[in-house]
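A.B. asks: Input structure: data24.txt, which contains compact mmCIF, C-alpha atoms.
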# COMPACT_ATOMS: atom_id res chain seq x y z
CA MET J 228 193.43 153.81 -101.00
CA ASN J 229 195.65 151.11 -99.64
CA THR J 230 193.79 147.91 -100.39
CA VAL J 231 196.11 145.75 -98.30
CA VAL J 232 195.27 147.79 -95.23
CA ALA J 233 191.57 147.87 -96.09
CA LYS J 234 191.54 144.11 -96.53
CA LEU J 235 193.29 143.54 -93.20
CA GLN J 236 190.96 145.94 -91.46
CA ARG J 237 188.00 144.09 -92.89
CA GLN J 238 189.43 140.78 -91.74
CA PHE J 239 190.00 142.17 -88.27
CA GLN J 240 186.51 143.56 -88.02
CA ASP J 241 184.88 140.35 -89.22
CA TYR J 242 186.97 138.25 -86.87
CA LEU J 243 186.22 140.39 -83.86
CA VAL J 244 182.49 140.40 -84.61
CA SER J 245 182.55 136.63 -84.96
CA LEU J 246 184.12 136.28 -81.50
CA TYR J 247 181.19 138.17 -80.02
CA GLN J 248 178.66 136.26 -82.08
CA GLN J 249 180.10 132.94 -81.02
CA GLY J 250 179.92 134.01 -77.39
CA PHE J 251 183.63 134.12 -76.66
CA LEU J 252 183.48 137.79 -75.74
CA ASP J 253 180.91 140.09 -74.22
CA ASN J 254 180.40 143.82 -73.74
CA GLN J 255 183.15 144.12 -71.17
CA PHE J 256 185.75 143.38 -73.86
CA THR J 257 184.33 146.32 -75.79
CA GLU J 258 184.76 148.42 -72.67
CA LEU J 259 188.41 147.36 -72.44
CA ARG J 260 189.02 148.30 -76.06
CA LYS J 261 187.71 151.77 -75.30
CA LEU J 262 190.55 152.17 -72.83
CA GLN J 263 193.20 151.53 -75.46
CA ASP J 264 194.65 154.30 -77.60
CA GLU J 265 197.78 155.15 -79.57
CA GLY J 266 199.56 155.88 -76.30
CA THR J 267 198.61 152.50 -74.84
CA PRO J 268 198.31 150.21 -77.88
CA ASP J 269 199.01 147.05 -75.87
CA PHE J 270 196.60 147.64 -73.03
CA VAL J 271 194.07 144.97 -73.98
CA ALA J 272 196.78 142.44 -74.80
CA GLU J 273 198.42 143.10 -71.43
CA VAL J 274 195.21 142.72 -69.47
CA VAL J 275 194.23 139.47 -71.17
CA SER J 276 197.75 138.17 -70.70
CA LEU J 277 197.40 138.75 -66.96
CA PHE J 278 194.03 137.04 -67.12
CA PHE J 279 195.41 133.94 -68.86
CA ASP J 280 198.25 133.71 -66.31
CA ASP J 281 195.63 133.94 -63.60
CA CYS J 282 193.60 131.15 -65.24
CA SER J 283 196.58 128.86 -65.39
CA LYS J 284 197.53 129.48 -61.78
CA LEU J 285 194.00 129.10 -60.42
CA ILE J 286 193.27 125.97 -62.46
CA ASN J 287 196.44 124.35 -61.17
CA SER J 288 195.64 125.08 -57.54
CA MET J 289 192.02 123.96 -57.89
CA SER J 290 193.18 120.80 -59.58
CA ARG J 291 195.38 120.04 -56.59
CA SER J 292 192.49 120.68 -54.21
CA LEU J 293 190.27 118.30 -56.16
CA GLU J 294 192.85 115.60 -56.58
CA ARG J 295 192.11 113.23 -53.74
CA PRO J 296 188.44 112.20 -53.55
CA GLU J 297 188.55 111.63 -49.80
CA ASN J 298 190.06 115.00 -49.09
CA VAL J 299 188.69 117.77 -51.28
CA ASP J 300 189.09 121.32 -50.05
CA PHE J 301 185.87 122.75 -51.50
CA LYS J 302 186.45 126.03 -49.76
CA GLN J 303 189.67 126.50 -51.67
CA VAL J 304 188.01 125.46 -54.92
CA ASP J 305 185.16 127.89 -54.29
CA SER J 306 187.65 130.67 -53.68
CA GLY J 307 189.43 129.82 -56.93
CA VAL J 308 186.18 129.78 -58.90
CA HIS J 309 185.18 133.11 -57.39
CA GLN J 310 188.45 134.68 -58.46
CA LEU J 311 188.25 133.17 -61.92
CA LYS J 312 184.68 134.32 -62.37
CA GLY J 313 185.68 137.81 -61.31
CA SER J 314 188.60 138.18 -63.62
CA SER J 315 186.85 136.57 -66.60
CA SER J 316 184.00 139.00 -66.05
CA SER J 317 186.43 141.92 -65.94
CA VAL J 318 187.93 141.10 -69.35
CA GLY J 319 184.74 140.02 -71.07
CA ALA J 320 185.66 136.33 -71.34
CA ARG J 321 182.07 135.22 -71.58
CA ARG J 322 182.41 131.49 -72.04
CA VAL J 323 184.94 131.17 -69.24
CA LYS J 324 182.68 133.17 -66.97
CA ASN J 325 179.69 130.97 -67.79
CA VAL J 326 181.59 127.79 -66.96
CA CYS J 327 182.47 129.38 -63.62
CA ILE J 328 178.78 129.79 -62.86
CA SER J 329 178.22 126.04 -63.29
CA PHE J 330 181.45 125.36 -61.48
CA LYS J 331 180.30 127.30 -58.45
CA GLU J 332 177.06 125.31 -58.36
CA CYS J 333 179.01 122.04 -58.29
CA CYS J 334 181.16 123.42 -55.54
CA ASP J 335 178.18 124.52 -53.47
CA VAL J 336 176.83 120.96 -53.38
CA GLN J 337 180.31 119.48 -53.03
CA ASN J 338 180.02 117.55 -56.26
CA ARG J 339 183.61 116.51 -56.96
CA GLU J 340 182.85 114.88 -60.31
CA GLY J 341 180.99 117.95 -61.48
CA CYS J 342 183.84 120.15 -60.32
CA LEU J 343 186.34 118.07 -62.25
CA ARG J 344 184.24 118.37 -65.39
CA CYS J 345 183.97 122.12 -64.96
CA LEU J 346 187.66 122.37 -64.30
CA GLN J 347 188.38 120.61 -67.56
CA GLN J 348 185.91 122.81 -69.38
CA VAL J 349 187.30 126.03 -67.98
CA ASP J 350 190.78 124.92 -68.97
CA TYR J 351 189.58 124.25 -72.49
CA GLU J 352 187.72 127.54 -72.77
CA TYR J 353 190.50 129.78 -71.59
CA LYS J 354 192.99 128.12 -73.89
CA MET J 355 190.60 128.42 -76.80
CA LEU J 356 190.07 132.10 -76.08
CA LYS J 357 193.81 132.61 -75.77
CA THR J 358 194.31 131.22 -79.28
CA LYS J 359 191.49 133.30 -80.71
CA LEU J 360 192.73 136.51 -79.16
CA GLN J 361 196.27 135.81 -80.29
CA ASP J 362 194.96 135.62 -83.85
CA LEU J 363 193.11 138.90 -83.28
CA PHE J 364 196.20 140.66 -81.94
CA ASN J 365 198.25 139.31 -84.86
CA LEU J 366 195.79 140.90 -87.26
CA GLU J 367 196.07 144.14 -85.31
CA GLN J 368 199.83 144.03 -85.64
CA GLN J 369 199.63 143.40 -89.36
CA ILE J 370 197.37 146.40 -89.79
CA VAL J 371 199.74 148.64 -87.86
CA GLN J 372 202.74 147.34 -89.77
CA ALA J 373 200.96 148.01 -93.05
CA GLY J 374 200.50 151.58 -91.88
CA GLY J 375 196.82 151.35 -91.07
CA ALA J 376 194.70 152.21 -88.05
CA ILE J 377 192.84 149.67 -85.92
CA PRO J 378 189.16 150.00 -86.76
CA GLN J 379 186.62 151.01 -84.15
CA VAL J 380 184.25 148.10 -84.23
CA ASN J 381 180.69 148.64 -83.11
CA ILE J 382 179.05 145.67 -81.53
CA ASN J 383 175.37 146.30 -80.98
CA MET E 297 198.28 165.73 -42.83
CA ALA E 298 195.96 168.68 -42.22
CA LEU E 299 192.39 167.88 -43.07
CA GLY E 300 191.78 171.20 -44.73
CA ASP E 301 194.90 170.95 -46.82
CA LEU E 302 193.80 169.91 -50.26
CA SER E 303 196.36 172.05 -51.99
CA SER E 304 198.28 169.15 -53.47
CA SER E 305 195.28 168.02 -55.45
CA SER E 306 193.70 171.41 -55.93
CA SER E 307 196.74 172.82 -57.67
CA THR E 308 196.75 170.05 -60.21
CA SER E 309 192.99 169.47 -60.02
CA GLU E 310 193.70 165.79 -60.32
CA LEU E 311 192.28 163.38 -57.85
CA HIS E 312 194.64 160.94 -56.24
CA VAL E 313 192.86 157.64 -55.95
CA LEU E 314 193.94 154.67 -53.87
CA ALA E 315 192.58 151.52 -55.51
CA VAL E 316 192.49 148.32 -53.47
CA ASP E 317 191.89 144.93 -55.11
CA ASP E 318 193.40 141.49 -54.67
CA SER E 319 192.92 140.64 -58.35
CA ILE E 320 195.82 141.69 -60.54
CA VAL E 321 193.51 141.81 -63.57
CA ASP E 322 191.08 144.14 -61.81
CA ARG E 323 193.89 146.33 -60.51
CA LYS E 324 195.16 146.84 -64.03
CA VAL E 325 191.70 147.65 -65.32
CA ILE E 326 190.73 150.03 -62.53
CA GLU E 327 194.08 151.78 -62.81
CA ARG E 328 193.54 152.40 -66.50
CA LEU E 329 189.94 153.47 -65.99
CA LEU E 330 191.05 156.02 -63.43
CA ARG E 331 194.06 157.26 -65.42
CA ILE E 332 191.89 157.78 -68.47
CA SER E 333 189.60 159.82 -66.25
CA ALA E 334 192.57 162.05 -65.37
CA CYS E 335 193.21 160.72 -61.89
CA LYS E 336 196.47 159.88 -60.25
CA VAL E 337 196.32 156.26 -59.15
CA THR E 338 198.02 154.14 -56.55
CA THR E 339 197.03 150.48 -56.50
CA VAL E 340 197.52 148.06 -53.63
CA GLU E 341 196.61 144.42 -53.37
CA SER E 342 195.02 144.25 -49.93
CA GLY E 343 193.28 146.17 -47.18
CA THR E 344 196.32 145.71 -44.99
CA ARG E 345 198.57 147.29 -47.64
CA ALA E 346 196.05 150.11 -48.00
CA LEU E 347 196.26 150.85 -44.27
CA GLN E 348 200.04 150.71 -44.43
CA TYR E 349 200.02 153.12 -47.32
CA LEU E 350 197.85 155.54 -45.40
CA GLY E 351 199.88 155.09 -42.24
CA LEU E 352 196.93 153.62 -40.35
CA ASP E 353 198.40 150.24 -39.62
CA GLY E 354 199.50 151.08 -36.11
CA ASP E 355 203.18 151.07 -36.93
CA LYS E 356 205.13 153.93 -35.46
CA GLY E 357 205.47 156.77 -37.91
CA SER E 358 202.02 158.02 -38.82
CA SER E 359 202.77 159.51 -42.22
CA GLY E 360 202.69 156.18 -44.00
CA LEU E 361 204.10 155.61 -47.45
CA LYS E 362 202.01 158.01 -49.40
CA ASP E 363 203.65 160.92 -51.12
CA LEU E 364 200.45 162.64 -52.09
CA LYS E 365 197.21 163.11 -50.23
CA VAL E 366 194.57 160.55 -51.11
CA ASN E 367 191.26 162.04 -52.28
CA LEU E 368 189.33 158.86 -52.90
CA ILE E 369 189.58 155.21 -51.98
CA VAL E 370 188.08 152.58 -54.25
CA THR E 371 188.11 149.10 -52.82
CA ASP E 372 186.94 145.64 -53.72
CA TYR E 373 184.60 144.09 -51.17
CA SER E 374 185.68 140.43 -51.20
CA MET E 375 189.34 140.24 -50.39
CA PRO E 376 191.27 137.75 -48.30
CA GLY E 377 192.35 139.16 -44.94
CA LEU E 378 190.74 142.54 -44.47
CA THR E 379 187.55 142.81 -46.51
CA GLY E 380 186.57 146.05 -48.22
CA TYR E 381 183.92 146.54 -45.58
CA GLU E 382 186.44 146.18 -42.76
CA LEU E 383 188.76 148.59 -44.52
CA LEU E 384 185.89 151.05 -44.87
CA LYS E 385 185.20 150.82 -41.15
CA LYS E 386 188.82 151.42 -40.22
CA ILE E 387 188.97 154.47 -42.45
CA LYS E 388 185.74 155.92 -41.06
CA GLU E 389 186.96 155.29 -37.52
CA SER E 390 190.11 157.27 -38.19
CA SER E 391 189.96 160.97 -37.43
CA ALA E 392 192.60 161.64 -40.05
CA PHE E 393 190.95 159.79 -42.89
CA ARG E 394 187.23 159.59 -42.29
CA GLU E 395 186.65 162.51 -44.64
CA ILE E 396 188.00 160.56 -47.59
CA PRO E 397 185.19 159.17 -49.73
CA VAL E 398 185.30 155.40 -49.97
CA VAL E 399 183.68 153.50 -52.81
CA ILE E 400 183.10 149.77 -52.64
CA MET E 401 183.22 147.50 -55.69
CA SER E 402 181.73 144.05 -55.80
CA SER E 403 180.89 141.42 -58.36
CA GLU E 404 177.87 140.44 -56.29
CA ASN E 405 174.67 142.44 -56.18
CA ILE E 406 173.70 141.65 -52.59
CA GLN E 407 171.32 144.24 -51.20
CA PRO E 408 172.10 143.73 -47.48
CA ARG E 409 175.79 144.05 -48.30
CA ILE E 410 175.21 147.28 -50.19
CA GLU E 411 173.13 148.69 -47.36
CA GLN E 412 175.70 147.68 -44.80
CA CYS E 413 178.42 149.53 -46.70
CA MET E 414 176.35 152.64 -47.30
CA THR E 415 175.35 152.72 -43.64
CA GLU E 416 178.98 152.50 -42.64
CA GLY E 417 179.65 155.59 -44.74
CA ALA E 418 180.60 154.39 -48.20
CA GLU E 419 180.12 157.04 -50.82
CA ASP E 420 178.95 154.65 -53.50
CA PHE E 421 178.78 151.00 -54.42
CA LEU E 422 179.84 149.84 -57.87
CA LEU E 423 178.95 146.53 -59.41
CA LYS E 424 181.77 144.82 -61.24
CA PRO E 425 182.84 144.70 -63.97
CA VAL E 426 183.53 148.39 -63.68
CA LYS E 427 183.13 150.45 -66.83
CA LEU E 428 184.29 153.83 -68.00
CA ALA E 429 180.84 155.32 -67.44
CA ASP E 430 180.97 154.25 -63.78
CA VAL E 431 184.31 155.92 -63.23
CA LYS E 432 183.27 159.08 -65.00
CA ARG E 433 180.19 159.35 -62.84
CA LEU E 434 182.23 158.63 -59.76
CA LYS E 435 184.69 161.32 -60.62
CA GLU E 436 181.96 163.91 -61.02
CA LEU E 437 180.64 162.98 -57.61
CA ILE E 438 184.02 163.20 -55.95
CA MET E 439 184.94 166.51 -57.60
CA ARG E 440 181.71 167.85 -56.20
CA VAL E 441 182.66 166.57 -52.74
CA LEU E 442 186.04 168.28 -53.06
CA ARG E 443 184.52 171.57 -54.18
CA GLU E 444 182.16 171.43 -51.21
CA SER E 445 185.10 170.91 -48.90
CA PHE E 446 186.84 174.00 -50.32
CA LYS E 447 183.81 176.07 -49.41
CA THR E 448 183.52 174.63 -45.95
CA THR E 449 185.81 176.62 -43.67
CA SER E 450 185.62 174.11 -40.88
CA SER E 451 186.96 170.71 -41.79
CA SER E 452 185.47 169.05 -38.77
CA SER E 453 181.91 168.83 -39.92
CA SER E 454 182.07 165.70 -42.01
CA SER E 455 178.35 165.45 -42.36
CA SER E 456 178.13 168.48 -44.59
CA LEU E 457 180.74 167.02 -46.89
CA LEU E 458 179.15 163.68 -47.29
CA SER E 459 175.49 164.50 -47.25
CA LEU E 460 175.10 165.52 -50.84
CA SER E 461 172.06 164.73 -52.82
CA LEU E 462 173.06 161.76 -54.86
CA SER E 463 169.76 161.19 -56.54
CA SER E 464 170.36 163.52 -59.42
CA SER E 465 172.50 161.26 -61.55
CA SER E 466 171.25 160.46 -64.98
CA SER E 467 171.56 156.81 -65.62
CA ASN E 468 174.87 155.92 -67.21
CA VAL E 469 174.24 152.24 -66.99
CA VAL E 470 175.63 150.52 -70.04
CA SER E 471 174.50 147.00 -70.46
CA SER E 472 174.68 144.59 -73.30
CA PRO E 473 172.07 142.00 -74.13
CA GLU E 474 174.29 139.35 -72.65
CA ASP E 475 175.02 141.21 -69.49
CA ASN E 476 172.26 140.59 -67.00
CA THR E 477 173.61 142.59 -64.10
CA PRO E 478 173.46 146.35 -63.82
CA SER E 479 176.80 148.00 -64.09
CA SER E 480 176.38 150.01 -60.90
CA LYS E 481 174.13 150.28 -57.98
CA ARG E 482 173.16 153.58 -56.44
CA MET E 483 171.45 153.80 -53.14
CA LYS E 484 168.94 156.53 -52.60
CA LEU E 485 170.38 158.57 -49.78
CA GLU E 486 167.59 161.08 -49.39
CA SER E 487 167.39 160.19 -45.73
CA ARG E 488 170.98 161.37 -45.29
CA VAL E 489 170.61 164.65 -47.07
CA HIS E 490 170.72 167.75 -44.92
CA ASP E 491 169.93 171.15 -46.32
When written as structure tokens, how does the structure in this file appear?
C.D. replies:
Amino acid sequence: MNTVVAKLQRQFQDYLVSLYQQGFLDNQFTELRKLQDEGTPDFVAEVVSLFFDDCSKLINSMSRSLERPENVDFKQVDSGVHQLKGSSSSVGARRVKNVCISFKECCDVQNREGCLRCLQQVDYEYKMLKTKLQDLFNLEQQIVQAGGAIPQVNIN
Amino acid sequence: MALGDLSSSSSTSELHVLAVDDSIVDRKVIERLLRISACKVTTVESGTRALQYLGLDGDKGSSGLKDLKVNLIVTDYSMPGLTGYELLKKIKESSAFREIPVVIMSSENIQPRIEQCMTEGAEDFLLKPVKLADVKRLKELIMRVLRESFKTTSSSSSSSLLSLSLSSSSSNVVSSPEDNTPSSKRMKLESRVHD
């Protein structure tokens, strides 16, 4: 029994479980992992990469819309939040999605200050998640390089 | 583009699905979901592109860009430009394409919206985020529609194709404790069932 592999697998499992427990990820991330196999080992990484690019782009455009207090395009911000909520939901980015819910509420009542706070929060959350998932994918890579298989992790 | 000609898909028994979504993330996910369910997939980013692909955009040359007959269209509801609902209407208004089942996806569980789409002829309405169980169930439904169409000698009676009893699905809803929306929404279509 290769203890290096077993140790890495254990680390991976514990780390992934902790991400769910801390609310970074939800069931939809589990669903995405189901779609990955030996033939498509980078599927999840590719999807989340698209998601993070999306975050960056949407946050920038919403930031521009919110810039001048006398001239906020709330319709554009609302559209951005809607898109962000949708894509975060599709990848299981739970914290990002939850900020979007508050963000939409601020938008609905045209609360610029609230929107700016949410914008900052969503920026923080997606970057945090990006770091966490990078660590997760690094562990995955180490397992594969050590000749092991990525564990199926059951999140109840 | 003969209506009765399903030979391209029947020989391979793979559905060719046209997936329409303005979100690049969702396009990637739906594409994978469909491929894993043994479907051929073409993704486009808007309703307008979908119509172009089908050859319904009014441009001269009615064959469009598609190389293979489309057996199913899955479209997001909220898209800039042509919404999923408007795309659905255009497809159902077209004599060439109205037979193709159209499924609407939406992140919002709005009952009037769902009813509006089903009334307009949508085959099903899926709540996002879409999961493997949703696609599997969808595929079973569509394969059944296709098998029905093989039996039907006349391709002109669309009502017999679409009026299947859809109430027999066992619930494949997968939800987590943190997920407070159902993964899919089925409308009871008993009123549309003919015997």
A.B. asks: So which residues touch Val399 (chain E) within 8 Å, counting all atoms listed in the file, skipping near sequence neighbours fewer than 4 positions away, as a PDB file with C-alpha atoms, in the coordinates of the input?
C.D. replies:
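Result written to around18.pdb:
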ATOM      1  CA  LEU E 368     189.330 158.860 -52.900  1.00  0.00           C
ATOM      2  CA  ILE E 369     189.580 155.210 -51.980  1.00  0.00           C
ATOM      3  CA  VAL E 370     188.080 152.580 -54.250  1.00  0.00           C
ATOM      4  CA  THR E 371     188.110 149.100 -52.820  1.00  0.00           C
ATOM      5  CA  ALA E 418     180.600 154.390 -48.200  1.00  0.00           C
ATOM      6  CA  GLU E 419     180.120 157.040 -50.820  1.00  0.00           C
ATOM      7  CA  ASP E 420     178.950 154.650 -53.500  1.00  0.00           C
ATOM      8  CA  PHE E 421     178.780 151.000 -54.420  1.00  0.00           C
ATOM      9  CA  LEU E 422     179.840 149.840 -57.870  1.00  0.00           C
TER      10      LEU E 422
END
A.B. asks: In file coordinates, which residues lie within 7 Å of (183.6, 157.1, -39.4) using all atoms listed in the file, given as a JSON list (two decimals) with C-alpha atoms, in the coordinates of the input?
C.D. replies:
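Once written, selection.json looks like this:
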[["chain", "number", "residue", "atom", "x", "y", "z"],
["E", 385, "LYS", "CA", 185.20, 150.82, -41.15],
["E", 387, "ILE", "CA", 188.97, 154.47, -42.45],
["E", 388, "LYS", "CA", 185.74, 155.92, -41.06],
["E", 389, "GLU", "CA", 186.96, 155.29, -37.52],
["E", 390, "SER", "CA", 190.11, 157.27, -38.19],
["E", 394, "ARG", "CA", 187.23, 159.59, -42.29],
["E", 417, "GLY", "CA", 179.65, 155.59, -44.74]]
A.B. asks: Produce a table with one row for each residue of chain E that has an atom at most 10 Å from any atom of chain J, each row naming the nearest atom pair and its distance in Å at one decimal; use all atoms listed in the file; arrange rows by chain and rising residue number; format as a Markdown table.
C.D. replies:
| residue | atom | partner | partner_atom | distance |
| --- | --- | --- | --- | --- |
| E:Asp318 | CA | J:Gln310 | CA | 9.2 |
| E:Ser319 | CA | J:Ser314 | CA | 7.2 |
| E:Ile320 | CA | J:Leu277 | CA | 7.2 |
| E:Val321 | CA | J:Phe278 | CA | 6.0 |
| E:Asp322 | CA | J:Ser317 | CA | 6.6 |
| E:Arg323 | CA | J:Val274 | CA | 9.7 |
| E:Lys324 | CA | J:Val274 | CA | 6.8 |
| E:Val325 | CA | J:Val274 | CA | 7.3 |
| E:Ile326 | CA | J:Ser317 | CA | 9.8 |
| E:Arg328 | CA | J:Leu262 | CA | 7.0 |
| E:Leu329 | CA | J:Leu262 | CA | 7.0 |
| E:Arg331 | CA | J:Leu262 | CA | 9.7 |
| E:Ile332 | CA | J:Leu262 | CA | 7.2 |
| E:Ser374 | CA | J:His309 | CA | 9.6 |
| E:Met375 | CA | J:Gln310 | CA | 9.8 |
| E:Pro376 | CA | J:Ser306 | CA | 9.6 |
| E:Ser402 | CA | J:Gly313 | CA | 9.2 |
| E:Ser403 | CA | J:Gly313 | CA | 6.7 |
| E:Glu404 | CA | J:Gly313 | CA | 9.6 |
| E:Lys424 | CA | J:Ser317 | CA | 7.2 |
| E:Pro425 | CA | J:Ser317 | CA | 4.9 |
| E:Val426 | CA | J:Ser317 | CA | 7.4 |
| E:Lys427 | CA | J:Glu258 | CA | 6.4 |
| E:Leu428 | CA | J:Glu258 | CA | 7.2 |
| E:Ala429 | CA | J:Glu258 | CA | 9.5 |
| E:Val470 | CA | J:Asn254 | CA | 9.0 |
| E:Ser471 | CA | J:Asn254 | CA | 7.5 |
| E:Ser472 | CA | J:Asn254 | CA | 5.8 |
| E:Pro473 | CA | J:Asn254 | CA | 8.5 |
| E:Glu474 | CA | J:Asp253 | CA | 6.8 |
| E:Asp475 | CA | J:Asn254 | CA | 7.3 |
A.B. asks: Within 12 Å of (198.8, 150.7, -50.5) (file coordinates; all atoms listed in the file), which protein or nucleic acid residues are there? I'd like them as an MDAnalysis selection string.
C.D. replies: chainID E and resid 313:318 323 337:353 360:363 366 369:371 383
A.B. asks: Tell me, in Å to one decimal, how far CA of Gln379 (chain J) is from CA of Leu243 (chain J).
C.D. replies: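 Separation of CA of Gln379 (chain J) and CA of Leu243 (chain J): 10.6 Å.
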A.B. asks: Could you please determine the separation between CA of Asp372 (chain E) and CA of Met401 (chain E) in Å, to one decimal place?
C.D. replies: 4.6 Å
A.B. asks: I'd like the interatomic distance between CA of Ile396 (chain E) and CA of Pro408 (chain E), to a tenth of an Å.
C.D. replies: 23.2 Å
A.B. asks: Which residues come within 10 Å of Tyr353 (chain J), counting all atoms listed in the file, excluding same-chain residues fewer than 6 positions away, as a ChimeraX atom specification?
C.D. replies: /J:251,278-279,282-283,315,320,322-324,359
